[in-house]
>>> print(open('structure_5.tsv').read())   # TSV, C-alpha atoms
chain	number	residue	atom	x	y	z
O	1	MET	CA	178.73	23.41	173.93
O	2	GLU	CA	176.78	24.41	170.82
O	3	HIS	CA	173.48	24.28	172.69
O	4	TYR	CA	174.95	26.52	175.40
O	5	LYS	CA	175.91	29.03	172.71
O	6	ALA	CA	172.44	28.77	171.20
O	7	ALA	CA	170.87	29.34	174.61
O	8	MET	CA	172.80	32.50	175.37
O	9	LEU	CA	172.32	33.88	171.85
O	10	LEU	CA	168.64	33.05	171.51
O	11	GLY	CA	167.93	34.43	174.96
O	12	GLY	CA	169.25	37.72	173.61
O	13	VAL	CA	167.36	37.31	170.33
O	14	GLY	CA	164.09	36.59	172.13
O	15	ASP	CA	164.62	39.60	174.36
O	16	ALA	CA	165.44	41.94	171.45
O	17	LEU	CA	162.45	40.73	169.42
O	18	GLY	CA	159.94	41.18	172.22
O	19	TYR	CA	161.48	44.45	173.41
O	20	LYS	CA	161.79	46.04	169.94
O	21	ASN	CA	163.68	48.99	171.34
O	22	SER	CA	160.88	49.43	173.93
O	23	MET	CA	158.18	49.72	171.23
O	24	TRP	CA	156.63	46.24	171.53
O	25	GLU	CA	157.39	45.52	175.15
O	26	ASN	CA	154.21	46.30	177.07
O	27	CYS	CA	152.17	46.79	173.90
O	28	PRO	CA	148.71	45.57	174.97
O	29	SER	CA	147.95	43.66	171.76
O	30	GLY	CA	149.72	40.65	170.28
O	31	VAL	CA	147.41	41.00	167.27
O	32	ALA	CA	148.81	44.48	166.60
O	33	ILE	CA	152.40	43.28	167.06
O	34	LEU	CA	151.96	40.41	164.61
O	35	ALA	CA	150.36	42.78	162.08
O	36	GLU	CA	153.36	45.11	162.35
O	37	LEU	CA	155.72	42.14	162.04
O	38	LYS	CA	153.94	41.09	158.84
O	39	ALA	CA	154.34	44.61	157.46
O	40	LEU	CA	158.08	44.35	158.15
O	41	GLY	CA	158.24	41.24	155.98
O	42	GLY	CA	157.95	38.62	158.71
O	43	LEU	CA	160.43	37.07	161.09
O	44	GLU	CA	162.83	35.83	158.40
O	45	ARG	CA	163.28	39.32	156.94
O	46	LEU	CA	164.40	40.93	160.19
O	47	THR	CA	168.00	41.91	160.89
O	48	LEU	CA	168.68	42.56	164.56
O	49	THR	CA	171.39	45.12	165.30
O	50	GLN	CA	172.36	47.23	168.28
O	51	ASP	CA	170.88	50.32	166.63
O	52	ASN	CA	167.43	49.12	165.61
O	53	TRP	CA	166.85	46.00	167.76
O	54	PRO	CA	168.95	46.32	170.93
O	55	VAL	CA	168.59	43.92	173.83
O	56	SER	CA	166.91	45.13	177.00
O	57	ASP	CA	168.19	45.15	180.56
O	58	ASP	CA	167.06	41.49	180.80
O	59	THR	CA	169.96	40.31	178.63
O	60	VAL	CA	172.43	42.71	180.25
O	61	MET	CA	171.54	41.34	183.70
O	62	HIS	CA	171.79	37.77	182.38
O	63	ILE	CA	175.26	38.55	181.02
O	64	VAL	CA	176.62	39.97	184.27
O	65	THR	CA	175.07	37.14	186.27
O	66	ALA	CA	176.83	34.65	184.01
O	67	GLU	CA	180.08	36.60	184.40
O	68	ALA	CA	179.83	36.18	188.17
O	69	LEU	CA	179.07	32.47	187.79
O	70	VAL	CA	182.23	31.82	185.77
O	71	SER	CA	184.46	33.81	188.12
O	72	GLY	CA	185.53	30.65	189.95
O	73	LYS	CA	184.01	31.80	193.23
O	74	ASN	CA	181.54	29.83	195.30
O	75	PHE	CA	178.61	30.74	197.49
O	76	GLU	CA	179.33	33.80	199.67
O	77	ASP	CA	182.24	34.92	197.50
O	78	LEU	CA	180.02	34.35	194.46
O	79	TYR	CA	177.29	36.52	196.00
O	80	ARG	CA	179.83	39.25	196.66
O	81	GLU	CA	180.83	39.07	193.00
O	82	MET	CA	177.16	39.34	191.97
O	83	VAL	CA	176.78	42.38	194.20
O	84	LYS	CA	179.82	43.95	192.55
O	85	VAL	CA	178.63	43.41	188.97
O	86	TYR	CA	175.05	44.46	189.72
O	87	VAL	CA	176.12	47.70	191.36
O	88	GLU	CA	178.47	48.44	188.46
O	89	ILE	CA	175.86	47.78	185.78
O	90	VAL	CA	172.81	49.51	187.24
O	91	GLU	CA	173.87	52.98	186.03
O	92	LYS	CA	174.30	51.65	182.50
O	93	ILE	CA	170.86	50.09	182.00
O	94	TYR	CA	168.62	53.12	182.45
O	95	LYS	CA	168.37	53.75	178.71
O	96	ARG	CA	166.99	50.22	178.32
O	97	ARG	CA	163.96	50.99	180.47
O	98	PRO	CA	164.76	48.42	183.17
O	99	ASP	CA	162.38	46.69	185.54
O	100	PRO	CA	162.02	49.21	188.43
O	101	ALA	CA	162.50	46.44	191.01
O	102	THR	CA	165.83	45.54	189.42
O	103	VAL	CA	167.06	49.11	189.77
O	104	GLU	CA	165.77	49.45	193.33
O	105	GLY	CA	167.32	46.14	194.36
O	106	CYS	CA	170.70	46.98	192.82
O	107	THR	CA	170.82	50.33	194.60
O	108	GLN	CA	170.23	48.59	197.94
O	109	LEU	CA	173.17	46.22	197.57
O	110	LYS	CA	176.19	47.00	199.74
O	111	PRO	CA	179.49	46.06	198.04
O	112	ASP	CA	181.50	47.46	200.96
O	113	ASN	CA	179.73	45.27	203.52
O	114	TYR	CA	181.68	42.00	203.46
O	115	ALA	CA	179.26	39.99	205.60
O	116	LEU	CA	175.84	41.27	204.51
O	117	GLY	CA	176.40	42.96	201.15
O	118	TRP	CA	173.76	40.92	199.33
O	119	HIS	CA	171.07	41.24	202.02
O	120	THR	CA	168.38	43.60	200.72
O	121	PRO	CA	165.12	44.52	202.50
O	122	PHE	CA	161.91	42.62	201.84
O	123	ASN	CA	160.08	44.42	199.04
O	124	MET	CA	156.34	44.14	198.42
O	125	LYS	CA	157.04	45.52	194.92
O	126	GLY	CA	159.77	42.94	194.27
O	127	SER	CA	157.51	40.38	192.61
O	128	GLY	CA	158.51	41.33	189.06
O	129	PHE	CA	160.02	39.31	186.23
O	130	GLY	CA	163.58	40.64	186.51
O	131	ALA	CA	164.82	37.88	188.83
O	132	ALA	CA	163.54	35.23	186.41
O	133	THR	CA	165.13	36.67	183.28
O	134	LYS	CA	168.67	36.72	184.68
O	135	ALA	CA	168.71	33.18	186.13
O	136	MET	CA	168.75	30.70	183.22
O	137	CYS	CA	172.56	30.73	183.35
O	138	ILE	CA	172.38	29.46	186.94
O	139	GLY	CA	170.65	26.32	185.71
O	140	MET	CA	173.26	25.96	182.97
O	141	ARG	CA	176.01	26.21	185.61
O	142	TYR	CA	174.43	23.74	188.05
O	143	TRP	CA	172.48	21.50	185.69
O	144	GLN	CA	173.33	18.10	187.20
O	145	PRO	CA	170.66	16.55	189.50
O	146	GLU	CA	173.30	16.09	192.21
O	147	LYS	CA	173.86	19.88	192.20
O	148	LEU	CA	170.21	20.71	192.87
O	149	ASP	CA	170.97	22.14	196.31
O	150	ASN	CA	173.52	24.48	194.74
O	151	LEU	CA	171.01	25.57	192.11
O	152	VAL	CA	168.35	26.24	194.76
O	153	GLN	CA	170.67	28.26	196.98
O	154	VAL	CA	172.31	30.33	194.24
O	155	SER	CA	169.07	31.07	192.35
O	156	ILE	CA	167.31	32.22	195.53
O	157	GLU	CA	170.17	34.41	196.70
O	158	CYS	CA	170.64	35.84	193.21
O	159	GLY	CA	166.90	36.44	192.90
O	160	ARG	CA	166.34	38.16	196.19
O	161	MET	CA	169.28	40.51	195.73
O	162	THR	CA	167.06	42.44	193.33
O	163	HIS	CA	163.58	40.97	193.91
O	164	ASN	CA	163.22	40.16	197.59
O	165	HIS	CA	159.67	38.81	197.38
O	166	PRO	CA	158.72	35.14	196.95
O	167	THR	CA	156.93	35.72	193.65
O	168	GLY	CA	160.08	37.42	192.37
O	169	PHE	CA	162.83	35.10	193.60
O	170	LEU	CA	160.85	31.91	193.01
O	171	GLY	CA	160.80	33.08	189.40
O	172	SER	CA	164.60	32.88	189.37
O	173	LEU	CA	164.43	29.39	190.89
O	174	CYS	CA	161.93	28.43	188.18
O	175	THR	CA	163.96	29.56	185.16
O	176	ALA	CA	167.18	28.12	186.60
O	177	LEU	CA	165.43	24.78	187.10
O	178	PHE	CA	163.92	24.82	183.62
O	179	ALA	CA	167.36	25.46	182.12
O	180	SER	CA	168.80	22.54	184.09
O	181	TYR	CA	165.94	20.31	182.94
O	182	ALA	CA	166.62	21.32	179.34
O	183	VAL	CA	170.29	20.34	179.66
O	184	GLN	CA	169.24	17.06	181.29
O	185	ARG	CA	166.81	16.43	178.39
O	186	LYS	CA	163.93	15.97	180.79
O	187	PRO	CA	160.63	15.97	178.82
O	188	VAL	CA	159.26	19.51	178.74
O	189	VAL	CA	155.80	18.37	179.83
O	190	GLU	CA	157.28	17.30	183.19
O	191	TRP	CA	159.07	20.55	184.00
O	192	GLY	CA	156.22	22.39	185.68
O	193	ARG	CA	155.23	19.70	188.14
O	194	GLU	CA	158.86	18.86	188.90
O	195	MET	CA	159.52	22.52	189.60
O	196	LEU	CA	156.68	22.67	192.14
O	197	LYS	CA	158.31	19.84	194.08
O	198	VAL	CA	161.49	21.90	194.39
O	199	VAL	CA	159.64	24.92	195.77
O	200	GLY	CA	159.51	23.03	199.07
O	201	LEU	CA	163.31	22.85	199.11
O	202	ALA	CA	163.40	26.58	198.49
O	203	GLU	CA	161.20	27.22	201.52
O	204	THR	CA	163.46	25.03	203.66
O	205	TYR	CA	166.50	26.99	202.47
O	206	CYS	CA	164.83	30.32	203.22
O	207	ARG	CA	163.96	29.16	206.72
O	208	LYS	CA	167.59	28.23	207.33
O	209	THR	CA	168.76	31.71	206.36
O	210	ILE	CA	166.32	33.28	208.87
O	211	ARG	CA	165.56	36.39	206.82
O	212	HIS	CA	162.13	37.98	206.37
O	213	MET	CA	160.26	34.72	207.09
O	214	SER	CA	157.11	36.41	208.39
O	215	GLU	CA	156.85	38.50	205.20
O	216	TYR	CA	157.71	35.47	203.07
O	217	GLN	CA	155.02	33.37	204.75
O	218	GLU	CA	152.35	35.95	203.97
O	219	ASN	CA	153.27	35.94	200.28
O	220	TRP	CA	154.72	32.46	199.70
O	221	PHE	CA	151.80	30.50	198.31
O	222	TYR	CA	150.81	32.78	195.44
O	223	PHE	CA	153.55	31.51	193.12
O	224	GLY	CA	152.83	27.82	193.68
O	225	THR	CA	149.07	28.28	193.56
O	226	LYS	CA	149.20	30.07	190.21
O	227	TRP	CA	151.44	27.37	188.78
O	228	GLN	CA	149.24	24.57	190.10
O	229	LEU	CA	146.21	26.19	188.49
O	230	TYR	CA	148.10	26.55	185.21
O	231	LEU	CA	149.15	22.89	185.17
O	232	GLU	CA	145.57	21.83	185.88
O	233	GLU	CA	144.36	24.11	183.08
O	234	ARG	CA	146.74	22.33	180.69
O	235	GLY	CA	145.82	18.90	182.06
O	236	ILE	CA	149.39	18.03	183.09
O	237	ALA	CA	149.30	18.49	186.85
O	238	GLN	CA	149.53	14.80	187.72
O	239	GLU	CA	152.17	12.17	187.00
O	240	GLY	CA	151.29	10.39	183.77
O	241	GLN	CA	149.40	13.37	182.35
O	242	ASN	CA	151.71	14.11	179.44
O	243	THR	CA	149.44	15.54	176.74
O	244	PRO	CA	148.85	19.28	177.24
O	245	ILE	CA	145.37	20.60	176.48
O	246	PHE	CA	145.26	23.95	174.69
O	247	PRO	CA	142.29	26.18	173.85
O	248	ILE	CA	140.63	25.70	170.48
O	249	ASN	CA	141.87	28.42	168.08
O	250	TYR	CA	144.76	29.45	170.33
O	251	ASP	CA	145.46	32.52	168.20
O	252	ALA	CA	147.05	35.85	169.18
O	253	ALA	CA	143.80	37.34	170.51
O	254	LYS	CA	143.10	34.26	172.61
O	255	ARG	CA	146.66	34.17	173.92
O	256	ASP	CA	146.42	37.80	175.01
O	257	GLN	CA	143.26	36.95	176.92
O	258	VAL	CA	144.77	33.85	178.55
O	259	TYR	CA	148.03	35.57	179.49
O	260	LYS	CA	146.10	38.39	181.17
O	261	GLU	CA	144.17	35.84	183.20
O	262	TRP	CA	147.42	34.30	184.44
O	263	SER	CA	148.83	37.67	185.45
O	264	SER	CA	148.33	39.52	188.71
O	265	GLU	CA	147.53	42.88	187.14
O	266	GLY	CA	146.33	42.26	183.59
O	267	VAL	CA	149.77	42.48	181.95
O	268	GLY	CA	151.07	39.10	180.82
O	269	GLY	CA	154.63	38.30	181.89
O	270	ARG	CA	155.16	41.16	184.30
O	271	ARG	CA	155.64	39.03	187.41
O	272	GLY	CA	157.95	36.25	188.53
O	273	HIS	CA	155.28	33.57	188.18
O	274	ASP	CA	153.84	34.37	184.75
O	275	ALA	CA	156.96	35.37	182.81
O	276	PRO	CA	158.32	31.79	183.03
O	277	MET	CA	154.76	30.45	182.66
O	278	ILE	CA	154.23	32.12	179.29
O	279	ALA	CA	157.67	30.96	178.10
O	280	TYR	CA	156.90	27.41	179.26
O	281	ASP	CA	153.48	27.44	177.62
O	282	ALA	CA	155.10	28.57	174.38
O	283	LEU	CA	157.58	25.68	174.49
O	284	LEU	CA	154.80	23.18	175.17
O	285	SER	CA	152.76	24.52	172.28
O	286	ALA	CA	155.50	25.18	169.71
O	287	GLY	CA	157.89	22.29	170.26
O	288	SER	CA	160.82	22.75	167.88
O	289	ASP	CA	158.98	25.30	165.68
O	290	TRP	CA	160.93	28.54	166.21
O	291	THR	CA	158.43	30.77	164.42
O	292	GLU	CA	155.56	29.42	166.48
O	293	LEU	CA	157.59	29.88	169.67
O	294	CYS	CA	158.13	33.53	168.76
O	295	ASN	CA	154.44	34.02	168.03
O	296	HIS	CA	153.57	32.74	171.50
O	297	ALA	CA	156.43	34.10	173.64
O	298	MET	CA	157.88	37.15	171.85
O	299	PHE	CA	154.81	38.66	170.15
O	300	HIS	CA	152.01	39.04	172.69
O	301	GLY	CA	150.43	41.79	174.71
O	302	GLY	CA	152.54	42.39	177.81
O	303	GLU	CA	156.16	41.94	178.84
O	304	CYS	CA	157.18	40.10	175.69
O	305	GLY	CA	160.87	41.00	176.07
O	306	ALA	CA	160.97	39.15	179.38
O	307	THR	CA	159.04	36.11	178.18
O	308	GLY	CA	161.00	36.11	174.94
O	309	SER	CA	164.36	36.05	176.71
O	310	ILE	CA	163.37	33.05	178.83
O	311	ALA	CA	161.75	31.13	175.97
O	312	GLY	CA	164.63	31.83	173.58
O	313	CYS	CA	167.25	30.61	176.03
O	314	LEU	CA	165.35	27.40	176.85
O	315	TYR	CA	164.69	26.76	173.15
O	316	GLY	CA	168.41	27.07	172.43
O	317	LEU	CA	169.26	24.51	175.11
O	318	LEU	CA	166.72	22.10	173.65
O	319	PHE	CA	167.10	22.56	169.91
O	320	GLY	CA	170.23	24.60	169.15
O	321	MET	CA	170.39	27.02	166.23
O	322	THR	CA	168.74	24.81	163.61
O	323	ASN	CA	166.32	26.78	161.42
O	324	ILE	CA	167.06	30.14	163.09
O	325	PRO	CA	167.27	32.90	160.43
O	326	LYS	CA	170.82	34.30	160.43
O	327	GLY	CA	169.58	37.87	160.41
O	328	LEU	CA	168.29	37.38	163.92
O	329	TYR	CA	171.68	36.68	165.47
O	330	GLN	CA	174.56	37.56	163.10
O	331	ASN	CA	174.74	41.18	164.29
O	332	LEU	CA	172.98	40.79	167.62
O	333	GLU	CA	174.16	43.22	170.29
O	334	PHE	CA	176.71	41.52	172.60
O	335	ARG	CA	176.85	38.46	170.35
O	336	GLU	CA	180.55	37.77	170.93
O	337	ARG	CA	180.27	38.17	174.69
O	338	LEU	CA	177.24	35.89	174.82
O	339	GLU	CA	179.11	33.19	172.91
O	340	GLU	CA	182.18	33.56	175.10
O	341	LEU	CA	180.10	33.25	178.25
O	342	ALA	CA	178.39	30.17	176.86
O	343	GLU	CA	181.77	28.48	176.49
O	344	GLU	CA	182.84	29.53	179.96
O	345	LEU	CA	179.57	28.34	181.51
O	346	TYR	CA	179.86	25.02	179.75
O	347	LYS	CA	183.41	24.51	181.00
O	348	ALA	CA	182.51	25.61	184.53
O	349	ALA	CA	179.53	23.27	184.61
O	350	ASN	CA	181.20	20.23	183.09
O	351	GLY	CA	184.89	20.56	183.88
O	352	SER	CA	185.09	22.18	187.30
O	353	LYS	CA	185.64	20.07	190.38
O	354	THR	CA	184.35	22.81	192.69
O	355	LEU	CA	180.75	23.06	193.87
>>> encode(input="structure_5.tsv", output="structure tokens")
Amino acid sequence: MEHYKAAMLLGGVGDALGYKNSMWENCPSGVAILAELKALGGLERLTLTQDNWPVSDDTVMHIVTAEALVSGKNFEDLYREMVKVYVEIVEKIYKRRPDPATVEGCTQLKPDNYALGWHTPFNMKGSGFGAATKAMCIGMRYWQPEKLDNLVQVSIECGRMTHNHPTGFLGSLCTALFASYAVQRKPVVEWGREMLKVVGLAETYCRKTIRHMSEYQENWFYFGTKWQLYLEERGIAQEGQNTPIFPINYDAAKRDQVYKEWSSEGVGGRRGHDAPMIAYDALLSAGSDWTELCNHAMFHGGECGATGSIAGCLYGLLFGMTNIPKGLYQNLEFRERLEELAEELYKAANGSKTL
């Protein structure tokens, strides 16, 4: 239970830190961000509040996704509930500078269409990070290995409601899987290659739903190819390769360079493949060192709110709240709701006989 609370809270903390009320998110230089952080007194001197360090739309979408997951509904009724909460929330997130694909996807949902309300058109611009940042709670809900099919189905349907492009909705599959692996205590070094095995199950599921398969086929392999190249770059692509290889002097400037190389448009973390990739890389590099995790995932050039939300949530599942400065979470926006949802997710995942 405590690790679930830590996950929901630190996902919000990581988001708020990287977002910095829209001032650091999309800043091109992690070096500049870390210099400004130092001028503020460093991570331990920060106090996050709704006024000066609000969360972005990433946390808001994670909250409403979790609310749907604990509603007691399953599959199609669950998707209808997601449609309902997404349509209700979209008007309230504009001030948080949301991912454009999230807004477009939400406006295309049809809450009055009982049979097809969650079916949105294929979107060539739907490859963004927004599907990935709302899906960690899905892995917390369906964390058991025997519920893998549920995790695959729900993460894909949830993802393509707003990001109907393989690079987008495979990002939601990825972060849901990583959250489930964290709860299972699977070694972090194994997560990436295990995730690539599950991508095949995702393709099988998409074929069964018979939606947009020609468009999917044209764009399917980008996500897996980028991840395979990343795992080879770190020297952990094969079974038994369990010691990641990092660049010499992997400082902020070098990380900015590397993250840009992983991206599709020179902005680290903007897409569904590289937002989870940066968060994962940060976990591999930092281990249980919270400050180092923040340096890698929350304070870099690019979409550091998105990568921070994913990394913070996964860190909480692995390590809890040990050594987290209280100023980062005591007055965090939506703190009480995040803690409540953590309890409800834990009970739904571990006490429910349904699904």
>>> atom_distance(input="structure_5.tsv", atom1="atom CA of O:Leu314", atom2="atom CA of O:Ala282")
10.6 Å
>>> residues_around(input="structure_5.tsv", residues="O:Gly287", least_positions_apart="5", cutoff="12 Å", atoms="all atoms listed in the file", output="list of chain:residue names")
O:Pro187, O:Val188, O:Val189, O:Pro244, O:Ala279, O:Tyr280, O:Asp281, O:Ala282, O:Glu292, O:Leu293, O:Cys294, O:His296, O:Ala311, O:Leu314, O:Tyr315, O:Gly316, O:Leu318, O:Phe319
>>> residues_around(input="structure_5.tsv", residues="O:Met61", least_positions_apart="4", cutoff="12 Å", atoms="all atoms listed in the file", output="ChimeraX atom specification")
/O:11-12,15,55-57,65-68,82-83,85-90,92-93,96,98-99,102-103,106,129-137,158-159,162,306,309,338
>>> write_last_selection(input="structure_5.tsv", atoms="C-alpha atoms", output="PDB file, in the frame of the given file")
ATOM      1  CA  GLY O  11     167.930  34.430 174.960  1.00  0.00           C
ATOM      2  CA  GLY O  12     169.250  37.720 173.610  1.00  0.00           C
ATOM      3  CA  ASP O  15     164.620  39.600 174.360  1.00  0.00           C
ATOM      4  CA  VAL O  55     168.590  43.920 173.830  1.00  0.00           C
ATOM      5  CA  SER O  56     166.910  45.130 177.000  1.00  0.00           C
ATOM      6  CA  ASP O  57     168.190  45.150 180.560  1.00  0.00           C
ATOM      7  CA  THR O  65     175.070  37.140 186.270  1.00  0.00           C
ATOM      8  CA  ALA O  66     176.830  34.650 184.010  1.00  0.00           C
ATOM      9  CA  GLU O  67     180.080  36.600 184.400  1.00  0.00           C
ATOM     10  CA  ALA O  68     179.830  36.180 188.170  1.00  0.00           C
ATOM     11  CA  MET O  82     177.160  39.340 191.970  1.00  0.00           C
ATOM     12  CA  VAL O  83     176.780  42.380 194.200  1.00  0.00           C
ATOM     13  CA  VAL O  85     178.630  43.410 188.970  1.00  0.00           C
ATOM     14  CA  TYR O  86     175.050  44.460 189.720  1.00  0.00           C
ATOM     15  CA  VAL O  87     176.120  47.700 191.360  1.00  0.00           C
ATOM     16  CA  GLU O  88     178.470  48.440 188.460  1.00  0.00           C
ATOM     17  CA  ILE O  89     175.860  47.780 185.780  1.00  0.00           C
ATOM     18  CA  VAL O  90     172.810  49.510 187.240  1.00  0.00           C
ATOM     19  CA  LYS O  92     174.300  51.650 182.500  1.00  0.00           C
ATOM     20  CA  ILE O  93     170.860  50.090 182.000  1.00  0.00           C
ATOM     21  CA  ARG O  96     166.990  50.220 178.320  1.00  0.00           C
ATOM     22  CA  PRO O  98     164.760  48.420 183.170  1.00  0.00           C
ATOM     23  CA  ASP O  99     162.380  46.690 185.540  1.00  0.00           C
ATOM     24  CA  THR O 102     165.830  45.540 189.420  1.00  0.00           C
ATOM     25  CA  VAL O 103     167.060  49.110 189.770  1.00  0.00           C
ATOM     26  CA  CYS O 106     170.700  46.980 192.820  1.00  0.00           C
ATOM     27  CA  PHE O 129     160.020  39.310 186.230  1.00  0.00           C
ATOM     28  CA  GLY O 130     163.580  40.640 186.510  1.00  0.00           C
ATOM     29  CA  ALA O 131     164.820  37.880 188.830  1.00  0.00           C
ATOM     30  CA  ALA O 132     163.540  35.230 186.410  1.00  0.00           C
ATOM     31  CA  THR O 133     165.130  36.670 183.280  1.00  0.00           C
ATOM     32  CA  LYS O 134     168.670  36.720 184.680  1.00  0.00           C
ATOM     33  CA  ALA O 135     168.710  33.180 186.130  1.00  0.00           C
ATOM     34  CA  MET O 136     168.750  30.700 183.220  1.00  0.00           C
ATOM     35  CA  CYS O 137     172.560  30.730 183.350  1.00  0.00           C
ATOM     36  CA  CYS O 158     170.640  35.840 193.210  1.00  0.00           C
ATOM     37  CA  GLY O 159     166.900  36.440 192.900  1.00  0.00           C
ATOM     38  CA  THR O 162     167.060  42.440 193.330  1.00  0.00           C
ATOM     39  CA  ALA O 306     160.970  39.150 179.380  1.00  0.00           C
ATOM     40  CA  SER O 309     164.360  36.050 176.710  1.00  0.00           C
ATOM     41  CA  LEU O 338     177.240  35.890 174.820  1.00  0.00           C
TER      42      LEU O 338
END
>>> residues_around(input="structure_5.tsv", residues="O:Asn26", least_positions_apart="3", cutoff="10 Å", atoms="all atoms listed in the file", output="list in words")
Gly18, Tyr19, Ser22, Met23, Ser29, Gly30, Val267, Gly268, Gly269, Arg270, His300, Gly301, Gly302, Glu303, Cys304 and Gly305 of chain O
>>> residues_around(input="structure_5.tsv", residues="stretch 342-353 of chain O", least_positions_apart="3", cutoff="6 Å", atoms="all atoms listed in the file", output="JSON, numbers by chain")
{"O": [4, 5, 141, 339]}
>>> atom_distance(input="structure_5.tsv", atom1="atom CA of O:Ala202", atom2="atom CA of O:Val152")
6.2 Å
>>> closest_residue(input="structure_5.tsv", among="O:Gln228, O:Asn295, O:Ser263, O:Gln238", to="O:Asp251", atoms="only C-alpha atoms")
O:Asn295
>>> axis_aligned_box(input="structure_5.tsv", around="stretch 144-147 of chain O", padding_each_side="5 Å", output="lines of an AutoDock Vina configuration file")
center_x = 172.3
center_y = 18.0
center_z = 189.7
size_x = 13.2
size_y = 13.8
size_z = 15.0
>>> closest_residue(input="structure_5.tsv", among="O:Asn21, O:Ser214, O:Ser127, O:Asn219", to="O:Asn52", atoms="all atoms listed in the file")
O:Asn21
>>> residues_around(input="structure_5.tsv", residues="O:Trp118", least_positions_apart="5", cutoff="8 Å", atoms="all atoms listed in the file", output="list of chain:residue names")
O:Tyr79, O:Arg80, O:Val83, O:Leu109, O:Lys110, O:Pro111, O:Glu157, O:Met161
>>> closest_residue(input="structure_5.tsv", among="O:Met8, O:Lys84, O:Glu91, O:Leu196", to="O:Asp112", atoms="all atoms listed in the file")
O:Lys84
>>> atom_distance(input="structure_5.tsv", atom1="atom CA of O:Asn123", atom2="atom CA of O:Asn164")
5.5 Å
>>> closest_residue(input="structure_5.tsv", among="O:Gly72, O:Gly128, O:Gly117, O:Gly235", to="O:Arg271", atoms="only C-alpha atoms")
O:Gly128
>>> residues_near_point(input="structure_5.tsv", point="(159.6, 33.7, 174.6)", cutoff="6 Å", atoms="all atoms listed in the file", output="count of residues only")
10
>>> closest_residue(input="structure_5.tsv", among="O:Leu151, O:Ile210, O:Leu48, O:Ala252", to="O:Leu10", atoms="only C-alpha atoms")
O:Leu48
>>> closest_residue(input="structure_5.tsv", among="O:Thr49, O:Thr120, O:Thr107, O:Gln153", to="O:Arg207", atoms="only C-alpha atoms")
O:Gln153
>>> decode(input="structure_5.tsv", residues="stretch 265-275 of chain O", atoms="N, CA, C and O atoms", output="CSV table (one decimal), in the first residue's frame")
chain,number,residue,atom,x,y,z
O,265,GLU,N,12.2,14.1,-33.2
O,265,GLU,CA,12.2,15.4,-33.8
O,265,GLU,C,13.2,16.3,-33.0
O,265,GLU,O,13.0,17.6,-33.0
O,266,GLY,N,14.1,15.8,-32.3
O,266,GLY,CA,15.1,16.6,-31.6
O,266,GLY,C,14.6,17.1,-30.2
O,266,GLY,O,15.3,18.0,-29.7
O,267,VAL,N,13.5,16.6,-29.7
O,267,VAL,CA,13.0,17.1,-28.4
O,267,VAL,C,12.8,15.8,-27.5
O,267,VAL,O,11.9,15.0,-27.7
O,268,GLY,N,13.7,15.6,-26.6
O,268,GLY,CA,13.7,14.4,-25.8
O,268,GLY,C,12.4,14.2,-25.0
O,268,GLY,O,12.0,15.1,-24.3
O,269,GLY,N,11.7,13.1,-25.1
O,269,GLY,CA,10.6,12.8,-24.3
O,269,GLY,C,9.3,13.2,-24.9
O,269,GLY,O,8.2,13.0,-24.3
O,270,ARG,N,9.2,13.7,-26.1
O,270,ARG,CA,8.0,14.2,-26.7
O,270,ARG,C,7.1,13.1,-27.3
O,270,ARG,O,5.9,13.3,-27.4
O,271,ARG,N,7.7,11.9,-27.5
O,271,ARG,CA,6.9,10.9,-28.2
O,271,ARG,C,6.7,9.7,-27.2
O,271,ARG,O,7.3,9.6,-26.2
O,272,GLY,N,5.8,8.8,-27.7
O,272,GLY,CA,5.5,7.6,-26.9
O,272,GLY,C,6.6,6.6,-26.7
O,272,GLY,O,6.5,5.8,-25.7
O,273,HIS,N,7.6,6.7,-27.5
O,273,HIS,CA,8.7,5.7,-27.3
O,273,HIS,C,9.8,6.3,-26.4
O,273,HIS,O,10.3,5.6,-25.6
O,274,ASP,N,10.1,7.6,-26.5
O,274,ASP,CA,11.2,8.1,-25.8
O,274,ASP,C,10.9,8.7,-24.4
O,274,ASP,O,11.8,8.9,-23.6
O,275,ALA,N,9.6,9.0,-24.2
O,275,ALA,CA,9.3,9.5,-22.8
O,275,ALA,C,9.5,8.3,-21.8
O,275,ALA,O,10.2,8.5,-20.8
